[in-house]
>>> print(open('data.cif').read())   # mmCIF, C-alpha atoms and all ligand atoms
data_protein
#
loop_
_atom_site.label_atom_id
_atom_site.label_comp_id
_atom_site.auth_asym_id
_atom_site.auth_seq_id
_atom_site.Cartn_x
_atom_site.Cartn_y
_atom_site.Cartn_z
CA MET I 986 20.67 -21.65 10.12
CA PRO I 987 20.43 -23.22 13.59
CA TYR I 988 16.77 -24.13 13.75
CA SER I 989 13.22 -23.23 12.97
CA SER I 990 10.81 -23.05 15.84
CA SER I 991 7.97 -25.14 14.51
CA SER I 992 8.74 -28.01 16.86
CA SER I 993 9.40 -25.98 19.99
CA PRO I 994 7.18 -26.62 23.02
CA LEU I 995 4.29 -24.26 23.70
CA THR I 996 5.50 -23.64 27.20
CA GLN I 997 7.07 -20.31 26.45
CA SER I 998 5.74 -17.29 28.32
CA ILE I 999 5.61 -14.14 26.24
CA ALA I 1000 4.71 -10.52 26.96
CA ILE I 1001 3.94 -8.31 23.97
CA LEU I 1002 4.56 -4.60 24.12
CA GLY I 1003 2.70 -2.87 21.30
CA LEU I 1004 -0.58 -4.60 20.49
CA GLY I 1005 -1.05 -2.83 17.14
CA ALA I 1006 -1.27 -4.67 13.83
CA ILE I 1007 1.79 -6.91 14.01
CA GLY I 1008 1.64 -7.31 17.82
CA THR I 1009 -1.97 -8.48 17.67
CA LEU I 1010 -1.21 -10.85 14.81
CA MET I 1011 1.68 -12.38 16.76
CA ALA I 1012 -0.56 -12.67 19.84
CA TRP I 1013 -2.95 -14.70 17.75
CA HIS I 1014 -0.13 -16.94 16.45
CA TRP I 1015 1.03 -17.38 20.05
CA ARG I 1016 -2.41 -17.87 21.60
CA GLU I 1017 -1.41 -21.28 22.97
CA HIS I 1018 1.61 -19.89 24.78
CA THR I 1019 1.31 -18.15 28.13
CA LEU I 1020 0.65 -14.67 26.85
CA TYR I 1021 0.62 -11.22 28.46
CA GLY I 1022 0.11 -7.73 27.14
CA VAL I 1023 1.89 -4.62 28.33
CA SER I 1024 -0.42 -1.67 28.71
CA ARG I 1025 0.06 1.71 30.37
CA ASP I 1026 -2.67 1.16 32.96
CA ALA I 1027 -1.93 -2.57 33.48
CA SER I 1028 -5.38 -3.55 32.24
CA THR I 1029 -6.36 -6.66 30.28
CA CYS I 1030 -6.15 -6.06 26.50
CA HIS I 1031 -8.99 -7.07 24.22
CA ARG I 1032 -8.35 -7.46 20.50
CA THR I 1033 -10.16 -8.99 17.55
CA LEU I 1034 -8.19 -10.63 14.76
CA ILE I 1035 -9.94 -11.12 11.43
CA ASP I 1036 -8.20 -14.03 9.72
CA GLN I 1037 -7.77 -14.56 5.99
CA GLN I 1038 -11.06 -16.45 5.79
CA GLN I 1039 -12.78 -13.41 7.38
CA ALA I 1040 -13.40 -15.29 10.66
CA ALA I 1041 -13.20 -13.09 13.75
CA HIS I 1042 -11.17 -14.31 16.75
CA GLN I 1043 -11.46 -12.60 20.12
CA LEU I 1044 -8.23 -12.32 22.08
CA THR I 1045 -8.19 -11.55 25.78
CA ILE I 1046 -4.64 -10.84 26.88
CA PRO I 1047 -3.98 -10.33 30.59
CA ALA I 1048 -1.61 -7.60 31.69
CA TRP I 1049 1.96 -8.56 32.47
CA GLN I 1050 2.63 -7.78 36.12
CA HIS I 1051 5.78 -9.25 37.63
CA GLU I 1052 5.74 -12.80 36.27
CA ALA I 1053 9.05 -14.23 35.05
CA ILE I 1054 8.83 -14.52 31.25
CA ASP I 1055 10.87 -16.13 28.50
CA TRP I 1056 10.23 -13.40 25.94
CA LEU I 1057 9.41 -9.73 25.93
CA VAL I 1058 8.46 -8.96 22.33
CA ILE I 1059 8.41 -5.29 21.32
CA THR I 1060 6.27 -4.41 18.32
CA THR I 1061 5.92 -0.68 18.92
CA LYS I 1062 7.21 1.83 16.43
CA ALA I 1063 11.01 2.06 16.53
CA SER I 1064 10.95 5.56 18.03
CA ALA I 1065 8.99 4.37 21.09
CA THR I 1066 11.29 1.45 21.95
CA LEU I 1067 13.72 2.84 24.48
CA ASP I 1068 11.14 4.85 26.43
CA ALA I 1069 8.90 1.80 26.58
CA LEU I 1070 11.70 -0.41 27.89
CA GLN I 1071 12.76 2.19 30.44
CA SER I 1072 9.22 2.30 31.77
CA LEU I 1073 9.52 -1.45 32.46
CA GLN I 1074 12.75 -1.26 34.42
CA LYS I 1075 11.32 -2.99 37.50
CA GLN I 1076 10.16 -5.98 35.46
CA LEU I 1077 13.21 -6.38 33.23
CA PRO I 1078 15.17 -8.60 35.61
CA GLN I 1079 12.33 -11.12 35.08
CA VAL I 1080 12.93 -11.29 31.31
CA GLN I 1081 15.10 -13.92 29.61
CA ASN I 1082 14.96 -12.66 26.02
CA ILE I 1083 13.94 -9.38 24.39
CA LEU I 1084 12.86 -9.47 20.75
CA LEU I 1085 12.52 -6.25 18.73
CA LEU I 1086 10.13 -7.03 15.89
CA GLN I 1087 9.86 -3.69 14.14
CA ASN I 1088 10.68 -1.76 11.02
CA GLY I 1089 13.72 0.46 10.91
CA MET I 1090 17.23 0.54 12.28
CA GLY I 1091 18.98 2.40 15.04
CA GLN I 1092 16.74 1.31 17.89
CA GLN I 1093 18.39 -2.13 18.15
CA GLN I 1094 21.83 -0.70 18.95
CA GLN I 1095 20.29 1.92 21.29
CA VAL I 1096 18.64 -0.91 23.24
CA ALA I 1097 21.79 -3.08 23.19
CA ASP I 1098 23.84 -0.17 24.60
CA TRP I 1099 21.26 0.65 27.25
CA LEU I 1100 20.88 -2.97 28.38
CA SER I 1101 24.62 -3.32 28.82
CA GLN I 1102 24.90 0.04 30.64
CA GLN I 1103 22.15 -1.06 33.02
CA ARG I 1104 23.72 -4.53 33.31
CA TYR I 1105 20.55 -6.38 32.38
CA SER I 1106 21.24 -9.94 31.40
CA ALA I 1107 18.34 -10.41 28.95
CA THR I 1108 19.47 -11.64 25.52
CA LEU I 1109 18.63 -9.21 22.71
CA TRP I 1110 17.11 -10.47 19.47
CA ALA I 1111 15.93 -8.57 16.42
CA GLY I 1112 13.47 -9.69 13.81
CA ILE I 1113 11.64 -8.79 10.64
CA SER I 1114 8.36 -10.04 9.33
CA THR I 1115 6.74 -10.13 5.94
CA GLU I 1116 3.35 -10.95 7.49
CA GLY I 1117 0.70 -8.50 6.31
CA ALA I 1118 -1.68 -7.01 8.88
CA TYR I 1119 -3.40 -3.70 9.34
CA ARG I 1120 -5.52 -2.07 11.99
CA GLN I 1121 -9.15 -1.67 11.07
CA SER I 1122 -9.92 0.13 14.33
CA ALA I 1123 -8.24 0.55 17.71
CA GLU I 1124 -9.03 -3.03 18.74
CA GLN I 1125 -9.53 -4.79 15.41
CA VAL I 1126 -6.72 -6.12 13.23
CA VAL I 1127 -7.03 -7.71 9.79
CA TYR I 1128 -4.61 -10.47 8.77
CA ALA I 1129 -4.06 -9.49 5.15
CA GLY I 1130 -1.39 -11.92 3.96
CA SER I 1131 0.82 -14.69 5.32
CA GLY I 1132 4.56 -14.17 5.41
CA ASP I 1133 7.68 -15.26 7.26
CA THR I 1134 9.17 -13.97 10.46
CA HIS I 1135 12.92 -14.26 10.84
CA ILE I 1136 14.78 -13.45 14.00
CA GLY I 1137 18.40 -13.54 15.08
CA LEU I 1138 20.63 -12.52 17.92
CA TRP I 1139 21.54 -8.84 17.67
CA GLN I 1140 25.09 -9.57 18.76
CA ALA I 1141 26.77 -12.75 17.60
CA GLN I 1142 26.36 -15.52 20.17
CA HIS I 1143 25.14 -19.05 19.96
CA PRO I 1144 21.33 -19.07 20.26
CA THR I 1145 20.17 -21.16 23.18
CA ALA I 1146 16.56 -20.13 23.75
CA SER I 1147 13.46 -22.11 22.79
CA MET I 1148 11.39 -20.17 20.33
CA PRO I 1149 7.77 -19.09 20.29
CA ASN I 1150 5.71 -20.63 17.52
CA GLY I 1151 6.34 -19.72 13.90
CA LEU I 1152 9.68 -17.91 14.22
CA THR I 1153 12.70 -18.94 12.17
CA VAL I 1154 16.13 -18.26 13.60
CA VAL I 1155 18.77 -17.01 11.18
CA ASP I 1156 22.39 -16.04 11.67
CA ASP I 1157 22.41 -12.99 9.37
CA ILE I 1158 19.61 -10.91 10.86
CA GLN I 1159 21.47 -7.58 10.56
CA GLN I 1160 21.93 -8.12 6.84
CA ARG I 1161 18.25 -9.04 6.45
CA ILE I 1162 17.16 -5.99 8.44
CA ARG I 1163 19.34 -3.81 6.20
CA ALA I 1164 17.79 -5.35 3.07
CA LYS I 1165 14.27 -4.67 4.38
CA LEU I 1166 15.27 -1.18 5.49
CA ALA I 1167 16.55 -0.42 1.97
CA ILE I 1168 13.23 -1.44 0.39
CA ASN I 1169 11.23 0.46 3.00
CA ALA I 1170 13.47 3.51 2.47
CA VAL I 1171 12.36 3.54 -1.18
CA ILE I 1172 8.70 2.49 -1.14
CA ASN I 1173 7.48 4.01 2.09
CA PRO I 1174 8.35 7.72 1.76
CA LEU I 1175 7.39 7.84 -1.94
CA THR I 1176 3.97 6.29 -1.42
CA ALA I 1177 3.40 8.69 1.47
CA VAL I 1178 4.46 11.79 -0.49
CA PHE I 1179 2.50 10.82 -3.61
CA ARG I 1180 -0.40 9.42 -1.51
CA CYS I 1181 -0.43 6.41 -3.83
CA ARG I 1182 -0.73 2.64 -3.58
CA ASN I 1183 2.51 0.65 -3.96
CA GLY I 1184 1.72 -0.42 -7.53
CA GLU I 1185 1.51 3.16 -8.79
CA LEU I 1186 5.24 3.53 -8.15
CA VAL I 1187 5.66 1.09 -11.03
CA SER I 1188 2.90 2.21 -13.37
CA HIS I 1189 3.07 6.01 -13.04
CA GLY I 1190 5.97 7.52 -15.03
CA GLU I 1191 6.87 10.35 -12.66
CA TYR I 1192 6.61 8.18 -9.54
CA ARG I 1193 8.74 5.50 -11.16
CA GLN I 1194 11.45 8.02 -12.00
CA ALA I 1195 11.47 9.17 -8.39
CA LEU I 1196 11.74 5.54 -7.27
CA GLU I 1197 14.71 4.95 -9.54
CA ALA I 1198 16.56 8.04 -8.29
CA LEU I 1199 15.89 7.23 -4.64
CA ALA I 1200 16.83 3.56 -5.03
CA SER I 1201 20.11 4.53 -6.64
CA GLU I 1202 20.92 6.95 -3.78
CA VAL I 1203 20.09 4.34 -1.12
CA GLN I 1204 22.07 1.64 -2.92
CA GLN I 1205 25.13 3.94 -3.11
CA CYS I 1206 24.71 4.87 0.53
CA PHE I 1207 24.93 1.22 1.65
CA THR I 1208 28.00 0.75 -0.55
CA ALA I 1209 29.67 3.81 0.98
CA LEU I 1210 28.86 2.46 4.45
CA GLN I 1211 30.72 -0.71 3.45
CA GLN I 1212 27.55 -2.72 3.82
CA PRO I 1213 26.74 -3.20 0.12
CA LEU I 1214 23.36 -4.69 -0.71
CA ASP I 1215 23.69 -7.98 -2.56
CA PHE I 1216 20.82 -7.15 -4.93
CA ASP I 1217 19.82 -4.35 -7.27
CA LEU I 1218 17.64 -2.09 -5.13
CA LYS I 1219 15.81 -0.49 -8.04
CA GLU I 1220 14.80 -3.91 -9.46
CA ARG I 1221 13.88 -5.28 -6.01
CA SER I 1222 11.84 -2.21 -5.05
CA LEU I 1223 9.93 -2.35 -8.34
CA ALA I 1224 9.30 -6.07 -7.81
CA VAL I 1225 8.04 -5.56 -4.22
CA ALA I 1226 5.87 -2.60 -5.27
CA GLN I 1227 4.41 -4.72 -8.07
CA ALA I 1228 3.84 -7.75 -5.83
CA THR I 1229 2.05 -5.55 -3.26
CA ALA I 1230 0.47 -3.30 -5.89
CA ARG I 1231 -2.90 -2.91 -4.17
CA ASN I 1232 -1.43 -2.22 -0.70
CA GLN I 1233 -1.10 1.08 0.99
CA SER I 1234 2.36 1.10 2.57
CA SER I 1235 2.51 1.27 6.35
CA THR I 1236 3.83 4.84 6.10
CA LEU I 1237 0.99 5.96 3.86
CA GLN I 1238 -1.45 4.43 6.37
CA ASP I 1239 0.28 6.31 9.19
CA VAL I 1240 0.08 9.58 7.27
CA LEU I 1241 -3.58 9.07 6.37
CA HIS I 1242 -4.41 8.31 10.02
CA GLN I 1243 -2.26 11.23 11.22
CA ARG I 1244 -0.02 8.91 13.20
CA PRO I 1245 3.74 9.48 13.52
CA THR I 1246 5.65 7.59 10.82
CA GLU I 1247 8.68 5.35 11.23
CA LEU I 1248 10.76 7.21 8.66
CA ASP I 1249 13.13 8.71 11.21
CA TYR I 1250 14.34 5.15 11.80
CA ILE I 1251 14.41 4.32 8.08
CA ASN I 1252 15.49 7.26 5.87
CA GLY I 1253 16.50 9.28 8.94
CA TYR I 1254 18.77 6.44 10.05
CA LEU I 1255 20.45 6.36 6.61
CA ILE I 1256 20.90 10.14 6.57
CA ARG I 1257 22.60 10.01 9.99
CA GLN I 1258 24.85 7.11 8.98
CA ALA I 1259 25.85 8.85 5.73
CA GLN I 1260 26.49 12.13 7.55
CA GLN I 1261 29.22 10.44 9.57
CA LEU I 1262 31.04 9.92 6.26
CA ASP I 1263 30.23 13.47 5.06
CA ILE I 1264 27.87 12.07 2.45
CA GLU I 1265 24.65 13.89 1.62
CA LEU I 1266 21.47 12.04 0.64
CA PRO I 1267 19.47 14.80 -1.07
CA HIS I 1268 16.58 12.62 -2.27
CA ASN I 1269 16.11 11.10 1.19
CA ARG I 1270 16.34 14.50 2.86
CA ARG I 1271 13.85 16.13 0.49
CA LEU I 1272 11.27 13.43 1.06
CA LEU I 1273 11.57 13.66 4.86
CA ALA I 1274 11.24 17.44 4.63
CA GLN I 1275 8.15 17.15 2.43
CA LEU I 1276 6.56 14.72 4.88
CA SER I 1277 7.27 16.84 7.91
CA GLU I 1278 5.54 19.86 6.37
O1 LIG V 1301 5.96 -1.03 5.17
C1 LIG V 1301 5.31 -1.60 4.29
O2 LIG V 1301 4.17 -1.28 3.95
C2 LIG V 1301 5.91 -2.85 3.63
O3 LIG V 1301 7.07 -3.20 4.32
C3 LIG V 1301 6.20 -2.70 2.13
C4 LIG V 1301 7.23 -3.68 1.69
C5 LIG V 1301 6.63 -1.32 1.76
C6 LIG V 1301 4.96 -3.09 1.34
O4 LIG V 1301 3.83 -2.34 1.59
#
>>> encode(input="data.cif", output="structure tokens")
Amino acid sequence: MPYSSSSSPLTQSIAILGLGAIGTLMAWHWREHTLYGVSRDASTCHRTLIDQQQAAHQLTIPAWQHEAIDWLVITTKASATLDALQSLQKQLPQVQNILLLQNGMGQQQQVADWLSQQRYSATLWAGISTEGAYRQSAEQVVYAGSGDTHIGLWQAQHPTASMPNGLTVVDDIQQRIRAKLAINAVINPLTAVFRCRNGELVSHGEYRQALEALASEVQQCFTALQQPLDFDLKERSLAVAQATARNQSSTLQDVLHQRPTELDYINGYLIRQAQQLDIELPHNRRLLAQLSE
């Protein structure tokens, strides 16, 4: 593990694309850096972050215009990533590093391929976070629980960049993203279909059975893809659901707020990968079909 960023200088300039829950939380962590927001109409973004002591912090984030920046951090939903980047084509030559801090898989390789086709020299990073945050309203975000944010280079190279505050660099980010994807592939669609809190997947007999069947299918899928998980997915999913028992998963929140979900980049990604090996994932497919009804 090359380094953790806690001692890096606060001279980094960062633009955040996607000032939703996690984007706003990161903006607050990075408030001492030079910070910009990316908005459709290039206007200043105003957000309020309610911290874990219930104190409200106002954030005023100027729009990124054409300044050279160290980091462009993308915290949109996975499905919006490529379109969002393409809309920033004129500014991309000004970017040193691009960090995708999102749920799901598939978008990272799409971006890597597009950057190399377009011959952009920005270095691509991917990250995952266990920080808990949710949107209380369009401009207000609640910081629900501290966690860790790990990032790594999408393609193996030696990391050379200085890091924004609070990020830990790891050299196995793809494996970590896969592990998170596996857990999300189990908890997220089930909580959305059953409209239940995470803990009910453990305590409710029928939901638990569905969890066990889905976890087994996802575990076997990763093995068939020759990327076996190094943990028992059923046990880990039950443990995560129990540890976050009172939470509504991000997918359930999306469904309840009639927002598009990220499942096409979670279960949908797995279905597409498995299809290339002629493997069917009936539990995954059924859940996606139920949620698209
Ligand atoms: O997406 C989520 O909500 C979370 O990643 C998880 C682990 C399912 C807990 O709620």
>>> residues_near_ligand(input="data.cif", ligand="ligand LIG 1301 (chain V)", cutoff="7 Å", atoms="only C-alpha atoms and all ligand atoms", output="JSON, numbers by chain")
{"I": [1168, 1169, 1172, 1173, 1183, 1225, 1226, 1229, 1232, 1233, 1234, 1235, 1236]}
>>> atom_distance(input="data.cif", atom1="CA of Gln1258 (chain I)", atom2="CA of Phe1207 (chain I)")
9.4 Å
>>> atom_distance(input="data.cif", atom1="CA of Thr1134 (chain I)", atom2="CA of Glu1247 (chain I)")
19.3 Å
>>> closest_residue(input="data.cif", among="I:Leu1002, I:Trp1049, I:Ala1230, I:Ala1129", to="Thr1066 (chain I)", atoms="all atoms listed in the file")
I:Leu1002
>>> residues_around(input="data.cif", residues="Leu1255 (chain I)", least_positions_apart="3", cutoff="9 Å", atoms="all atoms listed in the file", output="PyMOL selection string")
chain I and resi 1090+1170+1203+1206-1207+1249-1252+1258-1260+1266+1269
>>> closest_residue(input="data.cif", among="I:Asp1036, I:Glu1052, I:Glu1017, I:Glu1116", to="Ala1000 (chain I)", atoms="all atoms listed in the file")
I:Glu1052
